[in-house]
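Pasted below: input.cif, mmCIF, C-alpha atoms.
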data_query
#
loop_
_atom_site.label_atom_id
_atom_site.label_comp_id
_atom_site.auth_asym_id
_atom_site.auth_seq_id
_atom_site.Cartn_x
_atom_site.Cartn_y
_atom_site.Cartn_z
CA MET Q 1 0.00 0.00 0.00
CA ALA Q 2 1.35 3.43 -0.87
CA ALA Q 3 1.85 6.01 1.87
CA ILE Q 4 -0.91 8.60 2.01
CA ASN Q 5 -1.38 11.83 3.87
CA LEU Q 6 -3.69 11.03 6.80
CA ILE Q 7 -4.50 14.69 7.33
CA GLN Q 8 -6.68 14.48 4.23
CA VAL Q 9 -8.19 11.15 5.20
CA ILE Q 10 -8.95 10.91 8.93
CA GLY Q 11 -6.51 13.04 10.94
CA GLU Q 12 -7.27 16.70 11.31
CA GLY Q 13 -10.27 17.59 13.41
CA VAL Q 14 -10.94 14.32 15.24
CA VAL Q 15 -9.28 15.28 18.56
CA GLU Q 16 -10.48 18.87 18.22
CA LYS Q 17 -14.09 17.74 17.69
CA TYR Q 18 -14.16 16.13 21.14
CA ILE Q 19 -11.94 18.51 23.11
CA LYS Q 20 -13.07 21.92 21.85
CA PRO Q 21 -16.61 21.81 23.35
CA LEU Q 22 -15.16 20.87 26.77
CA ILE Q 23 -12.10 23.11 26.95
CA SER Q 24 -13.90 26.02 28.62
CA GLU Q 25 -15.51 23.74 31.22
CA VAL Q 26 -12.55 21.78 32.64
CA ASP Q 27 -9.75 22.51 35.10
CA ALA Q 28 -7.12 20.48 33.19
CA ILE Q 29 -6.80 18.01 30.33
CA ILE Q 30 -4.49 15.03 30.77
CA THR Q 31 -4.15 12.49 28.00
CA ILE Q 32 -2.89 9.06 29.06
CA SER Q 33 -1.17 6.12 27.38
CA GLN Q 34 1.06 3.25 28.42
CA ALA Q 35 4.85 3.39 28.78
CA LEU Q 36 7.21 0.55 29.65
CA PRO Q 37 6.41 -1.60 32.71
CA ASN Q 38 6.96 0.28 36.00
CA GLU Q 39 7.47 3.60 34.18
CA TYR Q 40 5.44 6.74 34.91
CA ASN Q 41 6.22 9.98 33.08
CA ILE Q 42 4.71 13.36 32.46
CA ASP Q 43 5.89 14.15 28.93
CA VAL Q 44 7.37 17.63 28.65
CA PHE Q 45 7.18 18.05 24.85
CA GLY Q 46 4.71 17.05 22.17
CA THR Q 47 5.62 17.58 18.54
CA LEU Q 48 3.82 18.25 15.30
CA THR Q 49 5.85 15.52 13.58
CA ARG Q 50 4.64 11.93 13.57
CA GLY Q 51 6.44 8.74 12.69
CA GLY Q 52 5.53 6.54 9.78
CA GLY Q 53 3.80 3.23 9.94
CA ASP Q 54 0.37 1.68 9.73
CA GLU Q 55 -2.51 3.41 11.43
CA ASN Q 56 -6.12 2.38 12.02
CA LEU Q 57 -7.95 1.14 8.92
CA ASN Q 58 -4.54 0.10 7.47
CA TYR Q 59 -3.58 3.61 6.36
CA THR Q 60 0.14 4.26 6.25
CA ARG Q 61 1.47 7.55 7.55
CA GLU Q 62 4.52 8.98 5.86
CA SER Q 63 7.53 9.07 8.17
CA LEU Q 64 8.13 12.52 9.73
CA SER Q 65 4.81 13.84 8.45
CA LYS Q 66 2.91 16.64 10.18
CA ALA Q 67 0.01 15.64 12.41
CA ILE Q 68 -2.07 18.69 11.41
CA SER Q 69 -1.66 21.78 9.25
CA THR Q 70 0.17 24.39 11.34
CA ASP Q 71 3.56 26.04 11.77
CA LEU Q 72 3.81 25.50 15.55
CA GLU Q 73 6.42 22.73 15.66
CA TRP Q 74 6.17 21.70 19.32
CA ILE Q 75 4.15 22.21 22.51
CA LYS Q 76 5.39 22.12 26.09
CA THR Q 77 3.23 20.67 28.87
CA THR Q 78 1.56 23.14 31.20
CA LEU Q 79 0.86 20.53 33.88
CA ASN Q 80 2.15 21.71 37.25
CA SER Q 81 4.95 20.06 39.23
CA GLY Q 82 2.47 18.43 41.61
CA PHE Q 83 1.95 15.60 39.15
CA THR Q 84 5.60 14.59 39.66
CA ASP Q 85 5.70 15.18 43.41
CA ILE Q 86 5.71 11.45 44.05
CA LYS Q 87 8.76 9.21 43.62
CA GLU Q 88 7.20 6.99 40.94
CA VAL Q 89 6.45 9.80 38.46
CA LYS Q 90 9.06 11.93 36.71
CA HIS Q 91 9.13 14.56 33.99
CA GLU Q 92 10.33 13.10 30.70
CA TRP Q 93 12.48 15.76 29.01
CA LEU Q 94 13.51 13.58 26.09
CA TYR Q 95 13.03 15.03 22.62
CA ASP Q 96 14.78 14.09 19.40
CA GLU Q 97 16.68 11.47 21.42
CA LYS Q 98 18.31 14.12 23.64
CA ASP Q 99 17.64 12.44 26.95
CA GLY Q 100 18.19 14.60 30.00
CA GLU Q 101 18.00 17.87 28.07
CA ILE Q 102 16.27 20.33 30.40
CA ASN Q 103 16.11 23.24 27.97
CA PRO Q 104 13.25 23.32 25.52
CA PRO Q 105 13.98 23.33 21.82
CA LYS Q 106 14.31 26.78 20.25
CA ASP Q 107 11.11 28.43 18.99
CA GLY Q 108 10.37 27.47 15.39
CA VAL Q 109 12.87 24.60 15.40
CA LYS Q 110 11.47 21.34 14.06
CA ILE Q 111 11.84 18.39 16.39
CA ASN Q 112 11.07 14.93 15.05
CA GLU Q 113 9.72 13.42 18.23
CA GLY Q 114 8.37 14.58 21.54
CA SER Q 115 9.04 13.16 24.97
CA GLY Q 116 6.82 10.17 24.23
CA SER Q 117 8.49 9.59 20.84
CA ASN Q 118 6.39 10.10 17.70
CA TYR Q 119 3.44 7.80 18.35
CA LEU Q 120 -0.28 8.57 18.32
CA SER Q 121 -0.13 9.61 21.99
CA ASN Q 122 2.38 12.33 21.06
CA GLU Q 123 0.01 13.60 18.38
CA ILE Q 124 -2.97 13.69 20.73
CA PHE Q 125 -0.91 15.51 23.42
CA TYR Q 126 0.27 18.00 20.79
CA ARG Q 127 -3.20 18.62 19.35
CA VAL Q 128 -4.82 19.16 22.75
CA GLY Q 129 -1.99 21.56 23.65
CA LYS Q 130 -2.35 23.38 20.33
CA LEU Q 131 -6.07 23.83 20.95
CA ARG Q 132 -5.26 25.11 24.46
CA THR Q 133 -2.84 27.74 23.11
CA LYS Q 134 -5.58 29.04 20.86
CA LEU Q 135 -8.64 28.88 23.14
CA ARG Q 136 -7.47 28.89 26.76
CA PRO Q 137 -3.71 29.48 27.15
CA LYS Q 138 -3.61 29.16 30.95
CA LEU Q 139 -5.34 25.78 31.04
CA GLU Q 140 -3.11 22.96 32.27
CA THR Q 141 -2.68 20.26 29.62
CA GLY Q 142 -0.23 17.44 29.11
CA HIS Q 143 0.36 13.75 28.67
CA PHE Q 144 0.84 11.08 31.35
CA HIS Q 145 2.57 7.84 30.36
CA ILE Q 146 1.62 5.14 32.87
CA SER Q 147 3.08 1.68 33.48
CA LYS Q 148 2.25 -0.91 30.89
CA ILE Q 149 0.23 -3.67 32.54
CA GLN Q 150 0.51 -6.32 29.84
CA ASP Q 151 3.67 -8.43 29.76
CA GLU Q 152 4.41 -10.04 26.39
CA ARG Q 153 7.28 -12.04 27.93
CA THR Q 154 4.93 -13.99 30.19
CA GLY Q 155 1.75 -13.64 28.15
CA GLU Q 156 0.15 -11.99 31.18
CA ASP Q 157 -2.62 -9.53 30.40
CA LEU Q 158 -4.45 -7.32 32.87
CA ASN Q 159 -3.15 -8.78 36.12
CA PRO Q 160 -5.52 -7.46 38.83
CA LEU Q 161 -2.67 -6.83 41.31
CA GLU Q 162 -0.70 -4.81 38.75
CA ILE Q 163 -3.79 -2.86 37.77
CA LYS Q 164 -4.35 -2.02 41.43
CA GLU Q 165 -0.73 -0.79 41.76
CA VAL Q 166 -0.93 1.28 38.58
CA LEU Q 167 -4.20 2.87 39.68
CA ALA Q 168 -2.71 3.69 43.10
CA VAL Q 169 0.25 5.53 41.49
CA VAL Q 170 -2.00 7.34 39.00
CA ARG Q 171 -4.46 8.35 41.73
CA LYS Q 172 -1.65 9.64 43.97
CA SER Q 173 -0.09 11.66 41.13
CA LEU Q 174 -3.42 13.12 40.02
CA ASN Q 175 -4.35 14.08 43.58
CA LYS Q 176 -1.03 15.91 44.07
CA GLY Q 177 -1.36 17.70 40.73
CA ILE Q 178 -5.01 18.62 41.21
CA LYS Q 179 -4.19 20.27 44.55
CA LYS Q 180 -1.81 22.62 42.69
CA LEU Q 181 -4.15 23.57 39.85
CA LYS Q 182 -4.35 27.32 39.38
#
Target format structure tokens, applied to this file:
Amino acid sequence: MAAINLIQVIGEGVVEKYIKPLISEVDAIITISQALPNEYNIDVFGTLTRGGGDENLNYTRESLSKAISTDLEWIKTTLNSGFTDIKEVKHEWLYDEKDGEINPPKDGVKINEGSGSNYLSNEIFYRVGKLRTKLRPKLETGHFHISKIQDERTGEDLNPLEIKEVLAVVRKSLNKGIKKLK
């Protein structure tokens, strides 16, 4: 199958359709996806650029393509430090494979992946943040990578004890962050 531009097919507008009507009514927006087992991160950067590969409905995204039509290359989280006030959760500063970099990229500079790489979760984080910059700049938005609960090595899926542990960490992090909302 030839690579096609998903913006024209299914991309642009889907996230915005669901988030825009709610953005004036919420105190924060936190998107969530899974990381590696026992890893909890608040991603610092989301990027306009997406990786290639197959998407839903077997569409193929061109490598390093733009998620939506815009010139804003990257978004920084606005989630407060409370979300990382527990030992299990850290800020993930990685972007373009520059792990540990604590300075944001320069304005207007293209980065090829955000803190959560260039997967769909990066795109959703970016698009929610982009909508925030336009409609409600002071709203706290960001992406929370939580521990993966499936283990391909053992074939284990949805272990109730692991789910309970993951939920405890997520609840603790959210409670700390919510207390610091502006």
Do you have the atom CA of Q:Glu88-atom CA of Q:Val170 distance handy?
9.4 Å
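Near Q:Ser121, within 10 Å and counting only C-alpha atoms, sit Thr31, Ile32, Ser33, Gln34, Gly46, Arg50, Gly114, Gly116, Ser117, Phe125, Tyr126, Arg127, His143, Phe144 and His145 of chain Q; same-chain residues fewer than 4 positions away were not included.
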The selected residues should be written to file as a PDB file, in the frame of the given file (atoms: C-alpha atoms).
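And here's result-v7.pdb as it stands now:
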ATOM      1  CA  THR Q  31      -4.150  12.490  28.000  1.00  0.00           C
ATOM      2  CA  ILE Q  32      -2.890   9.060  29.060  1.00  0.00           C
ATOM      3  CA  SER Q  33      -1.170   6.120  27.380  1.00  0.00           C
ATOM      4  CA  GLN Q  34       1.060   3.250  28.420  1.00  0.00           C
ATOM      5  CA  GLY Q  46       4.710  17.050  22.170  1.00  0.00           C
ATOM      6  CA  ARG Q  50       4.640  11.930  13.570  1.00  0.00           C
ATOM      7  CA  GLY Q 114       8.370  14.580  21.540  1.00  0.00           C
ATOM      8  CA  GLY Q 116       6.820  10.170  24.230  1.00  0.00           C
ATOM      9  CA  SER Q 117       8.490   9.590  20.840  1.00  0.00           C
ATOM     10  CA  PHE Q 125      -0.910  15.510  23.420  1.00  0.00           C
ATOM     11  CA  TYR Q 126       0.270  18.000  20.790  1.00  0.00           C
ATOM     12  CA  ARG Q 127      -3.200  18.620  19.350  1.00  0.00           C
ATOM     13  CA  HIS Q 143       0.360  13.750  28.670  1.00  0.00           C
ATOM     14  CA  PHE Q 144       0.840  11.080  31.350  1.00  0.00           C
ATOM     15  CA  HIS Q 145       2.570   7.840  30.360  1.00  0.00           C
TER      16      HIS Q 145
END
Using 8 Å of padding on each side, determine the axis-aligned box around all atoms of stretch 85-91 of chain Q present in the file and give its centre and edge lengths in Å to one decimal, as lines of an AutoDock Vina configuration file.
center_x = 7.4
center_y = 11.1
center_z = 39.0
size_x = 19.4
size_y = 24.2
size_z = 26.1
Which of Q:Gly13, Q:Pro21, Q:Pro37, Q:Gly51 sits closest to Q:Ile163 [using all atoms listed in the file]:
Q:Pro37
Give as a PyMOL selection string the residues that the PyMOL selection byres ((chain Q and resi 84) around 10) matches when applied to the coordinates above.
chain Q and resi 40-42+79-83+85-91+172-174+176-177
